[in-house]
Protein chains: 2
Amino acid sequence: MKSTSMGGDRRSVVDDIVIHLQREISTLRLLPGTRISESEVAEIFGVSRQPVRDAFRKLESLDLILVRPKKATEVKKFSARAIEKSRFVRAAIEAAALRNAAENCDSAGGFQLDACVALQQKAFVERDFVSFANLDYDFHMAICEIGRVPYAFEVIKTEKERVDRLCILGLSKEERMPQLIEDHKDIAAAVKAGDAEAAVAAGMKHLSRLDETIAAIRKNNAAYFVDEANS
Amino acid sequence: MKSTSMGGDRRSVVDDIVIHLQREISTLRLLPGTRISESEVAEIFGVSRQPVRDAFRKLESLDLILVRPKKATEVKKFSARAIEKSRFVRAAIEAAALRNAAENCDSAGGFQLDACVALQQKAFVERDFVSFANLDYDFHMAICEIGRVPYAFEVIKTEKERVDRLCILGLSKEERMPQLIEDHKDIAAAVKAGDAEAAVAAGMKHLSRLDETIAAIRKNNAAYFVDEANS
DNA sequence: ACATACAAACTAGTATACAAGTATTGACAA
DNA sequence: TTGTCAATACTTGTATACTAGTTTGTATGT
């Protein structure tokens with residue numbers, strides 16, 4: 001059978017399931033709180049429950065699902081504490097990366113940053129929002145590469161993906177994009193100038209844009225958040 | 001059967017296995033590169049392979065083992081890149097936590113820090129090295145609590161545990177302890193004084209003590225490190 | 001109508017059996 | 001002695017069957 005997505009022979013069945021569910025959850029096609037069962041997924045993929053089980057364990061470690069033994073498994077809801085933590089971690093890592101970037105930026109690095117900003121501007125005027133989102137990742141990756149701390153991007157990517165899932169619930173994303181581009185320009189300028197403190201300040205300002213967006217989302221989507229009483 | 005460690009009814013079999021292996025690996029009783037098989041562990045615990053499999057997935061997500069499909073599973077070796085990343089992450093988080101701590105430290109916080117240092121001094125003179133190690137965690141946890149960023153300690157704990165496993169291979173740990181205590185005193189003083197920059201500087205100096213230790217360990221224990229050529 | 005209890009239908013956890021790939025070892029030939 | 005190849009003994013991956021706990025719905029008694 002193998003109804004869906006049997007791509008290369010390289011990827012195992014478990015990987016297929018993980019990637020598929022990861023995408024469904026990250027894009028909010030599977031909403032927080034949605035219950036999913038091993039048998040259900042197993043049947044969809046035409047496999048037994050064991051590979052699904054392994055996939056669930058992986059998704060659990062990625063903080064995308066919550067397994068309640070003998071009861072049910074559900075898509076993880078958002079939590080204010082997790083969001084706070086994620087924001088703190090990302091701010092700390094981003095600040096350190098920016099410092100390194102400002103201290104190590106050469107002409108090639110400057111060109112790389114300018115290219116990212118230009119491409120993002122282009123994507124915006126062409127209303128290519130998918131590319132716009134991807135280029136956002138590229139910009140922050142470029143910062144990490146310039147700072148000679150490529151591993152920093154791994155952390156940033158993880159945390160950014162979390163908040164991106166959350167931000168799908170937000171409105172008027174399009175209106176905020178010019179501001180984001182301006183932020184990137186400021187960051188790039190400071191990094192190219194070798195001004196670490198200015199780069200960090202610009203980076204922190206950039207991150208703070210999300211705060212009110214997230215606060216609004218939380219108010220309007222309480223059903224997708226865990227009760228902060230117990231957890 | 002259930003030969004070993006069937007403690008409370010609360011913990012599941014999987015948790016038992018995870019905790020057990022985690023301890024064995026963290027303390028280096030299971031050396032990096034040691035091969036362990038699902039069947040082997042299953043027999044030891046008197047259970048089938050499935051719970052062991054689940055436990056392996058968990059340990060894999062904790063970066064403690066490496067599962068090579070159809071080949072073998074082994075205790076994860078150290079890698080220079082992973083160590084670099086861990087150091088970077090911890091430095092970034094610790095710096096941010098220290099800044100927050102310096103800005104939020106009240107008299108209660110100051111007392112807490114002093115108590116940590118005093119207890120650690122006591123543990124040292126009493127040659128109670130287990131307590132000494134635990135109190136090291138307590139000190140950094142206190143910093144995070146004072147800074148109102150308790151989640152920061154979760155990251156620090158994770159990264160510290162990684163490097164602690166590595167540092168078991170090091171020599172003359174006892175001789176370094178007075179220096180660590182002095183470092184903690186400096187950090188505590190800066191935090192209590194509300195001097196964020198001084199606190200960060202002291203914290204970074206504290207972290208840098210590990211660098212030469214780790215370099216020496218790497219030279220003397222190449223067998224426990226992955227070949228940096230491929231990975 | 002309502003409450004309680006019991007039974008049926010979920011859920012994930014575990015055990016066993018088999019499949020598929022890899023490494024090792026030994027025999028055999030050059 | 002050395003190289004090649006095949007059989008064998010591993011490894012993890014997958015499928016099926018069964019266990020145990022939870023929820024839910026329904027029937028029954030008040």
# chains A, B, ... in the order shown; residues from 1 in each chain; ligands from 1

call {"tool": "residues_around", "arguments": {"residues": "range 8-10 of chain C", "least_positions_apart": "6", "cutoff": "12 Å", "atoms": "only C-alpha atoms (C1' of nucleotides)", "output": "list in words"}}
result
Ser37, Ser39, Glu40, Lys70, Lys71 and Ala72 of chain A; DG21, DT22, DT23, DT24, DG25 and DT26 of chain D

call {"tool": "interface_residues", "arguments": {"of": "chain B", "to": "chain A", "cutoff": "8 Å", "atoms": "only C-alpha atoms", "output": "list in words"}}
result
Asp54, Arg57, Lys58, Ser61, Lys85, Phe88, Val89, Ala92, Ile93, Ala95, Ala96, Val149, Tyr151 and Ala152 of chain B

call {"tool": "atom_distance", "arguments": {"atom1": "CA of Glu161 in chain B", "atom2": "CA of Cys105 in chain B"}}
result
26.4 Å

call {"tool": "calpha_fit_rmsd", "arguments": {"fixed": "chain B", "moving": "chain A"}}
result
0.1 Å

call {"tool": "residues_around", "arguments": {"residues": "DA3 in chain C", "least_positions_apart": "4", "cutoff": "12 Å", "atoms": "only C-alpha atoms (C1' of nucleotides)", "output": "list in words"}}
result
DT28, DG29 and DT30 of chain D

call {"tool": "closest_residue", "arguments": {"among": "A:Arg68, A:Lys173, A:Arg23, A:Arg29", "to": "chain C", "atoms": "only C-alpha atoms (C1' of nucleotides)"}}
result
A:Arg68

call {"tool": "interface_residues", "arguments": {"of": "chain D", "to": "chain B", "cutoff": "10 Å", "atoms": "only C-alpha atoms (C1' of nucleotides)", "output": "list of chain:residue names"}}
result
D:DC10, D:DT11, D:DT12, D:DG13

call {"tool": "write_last_selection", "arguments": {"atoms": "N, CA, C and O atoms (P, O5', C5', C4', C3', O3' and C1' of nucleotides)", "output": "PDB file, in the first residue's frame"}}
result
ATOM      1  P    DC D  10      26.472 -14.783  17.826  1.00  0.00           P
ATOM      2  O5'  DC D  10      25.193 -13.935  17.386  1.00  0.00           O
ATOM      3  C5'  DC D  10      24.985 -12.643  17.941  1.00  0.00           C
ATOM      4  C4'  DC D  10      25.566 -11.567  17.028  1.00  0.00           C
ATOM      5  C3'  DC D  10      24.768 -10.270  17.023  1.00  0.00           C
ATOM      6  O3'  DC D  10      25.188  -9.458  18.113  1.00  0.00           O
ATOM      7  C1'  DC D  10      25.336 -10.912  14.791  1.00  0.00           C
ATOM      8  P    DT D  11      24.131  -8.691  18.962  1.00  0.00           P
ATOM      9  O5'  DT D  11      23.629  -7.537  17.996  1.00  0.00           O
ATOM     10  C5'  DT D  11      24.513  -6.470  17.636  1.00  0.00           C
ATOM     11  C4'  DT D  11      23.974  -5.683  16.460  1.00  0.00           C
ATOM     12  C3'  DT D  11      22.577  -5.110  16.643  1.00  0.00           C
ATOM     13  O3'  DT D  11      22.651  -3.873  17.328  1.00  0.00           O
ATOM     14  C1'  DT D  11      22.792  -6.103  14.479  1.00  0.00           C
ATOM     15  P    DT D  12      21.360  -3.355  18.103  1.00  0.00           P
ATOM     16  O5'  DT D  12      20.431  -2.811  16.921  1.00  0.00           O
ATOM     17  C5'  DT D  12      20.870  -1.736  16.104  1.00  0.00           C
ATOM     18  C4'  DT D  12      20.016  -1.644  14.849  1.00  0.00           C
ATOM     19  C3'  DT D  12      18.614  -1.055  15.075  1.00  0.00           C
ATOM     20  O3'  DT D  12      18.296  -0.211  13.986  1.00  0.00           O
ATOM     21  C1'  DT D  12      18.425  -3.189  14.107  1.00  0.00           C
ATOM     22  P    DG D  13      16.830   0.528  13.937  1.00  0.00           P
ATOM     23  O5'  DG D  13      15.990  -0.377  12.938  1.00  0.00           O
ATOM     24  C5'  DG D  13      16.168  -0.213  11.543  1.00  0.00           C
ATOM     25  C4'  DG D  13      15.057  -0.921  10.777  1.00  0.00           C
ATOM     26  C3'  DG D  13      13.651  -0.415  11.116  1.00  0.00           C
ATOM     27  O3'  DG D  13      12.902  -0.272   9.921  1.00  0.00           O
ATOM     28  C1'  DG D  13      13.786  -2.749  11.500  1.00  0.00           C
TER      29       DG D  13
END

call {"tool": "atom_distance", "arguments": {"atom1": "C1' of DT19 in chain D", "atom2": "C1' of DG13 in chain C"}}
result
7.9 Å

call {"tool": "interface_residues", "arguments": {"of": "chain C", "to": "chain B", "cutoff": "8 Å", "atoms": "only C-alpha atoms (C1' of nucleotides)", "output": "mmCIF file with N, CA and C atoms (P, O5', C5', C4', C3', O3' and C1' of nucleotides), in the first residue's frame"}}
result
data_model
loop_
_atom_site.group_PDB
_atom_site.id
_atom_site.type_symbol
_atom_site.label_atom_id
_atom_site.label_comp_id
_atom_site.auth_asym_id
_atom_site.auth_seq_id
_atom_site.Cartn_x
_atom_site.Cartn_y
_atom_site.Cartn_z
ATOM 1 P P DT C 14 6.217 -0.643 28.765
ATOM 2 O "O5'" DT C 14 6.024 -2.116 28.222
ATOM 3 C "C5'" DT C 14 5.226 -3.032 28.962
ATOM 4 C "C4'" DT C 14 5.065 -4.319 28.194
ATOM 5 C "C3'" DT C 14 6.378 -4.979 27.744
ATOM 6 O "O3'" DT C 14 6.574 -6.157 28.511
ATOM 7 C "C1'" DT C 14 4.680 -5.067 26.056
ATOM 8 P P DA C 15 7.874 -7.024 28.300
ATOM 9 O "O5'" DA C 15 7.376 -8.122 27.256
ATOM 10 C "C5'" DA C 15 6.239 -8.921 27.586
ATOM 11 C "C4'" DA C 15 5.944 -9.915 26.469
ATOM 12 C "C3'" DA C 15 7.172 -10.679 25.947
ATOM 13 O "O3'" DA C 15 6.882 -12.069 25.915
ATOM 14 C "C1'" DA C 15 6.006 -9.668 24.149
ATOM 15 P P DG C 21 17.656 -5.263 2.586
ATOM 16 O "O5'" DG C 21 19.028 -4.652 3.098
ATOM 17 C "C5'" DG C 21 19.007 -3.646 4.089
ATOM 18 C "C4'" DG C 21 20.041 -3.915 5.152
ATOM 19 C "C3'" DG C 21 21.483 -4.019 4.662
ATOM 20 O "O3'" DG C 21 22.202 -2.896 5.114
ATOM 21 C "C1'" DG C 21 20.996 -5.658 6.321
ATOM 22 P P DT C 22 23.678 -2.618 4.557
ATOM 23 O "O5'" DT C 22 24.631 -3.268 5.654
ATOM 24 C "C5'" DT C 22 24.608 -2.774 6.986
ATOM 25 C "C4'" DT C 22 25.485 -3.641 7.874
ATOM 26 C "C3'" DT C 22 26.932 -3.786 7.408
ATOM 27 O "O3'" DT C 22 27.776 -3.221 8.386
ATOM 28 C "C1'" DT C 22 26.005 -5.872 8.105
#

call {"tool": "select_by_dssp", "arguments": {"residues": "range 17-231 of chain A", "states": "strand (DSSP E)", "output": "MDAnalysis selection string"}}
result
chainID A and resid 35:36 65:68 72:75

call {"tool": "atom_distance", "arguments": {"atom1": "CA of Glu103 in chain A", "atom2": "CA of Ser208 in chain B"}}
result
19.2 Å
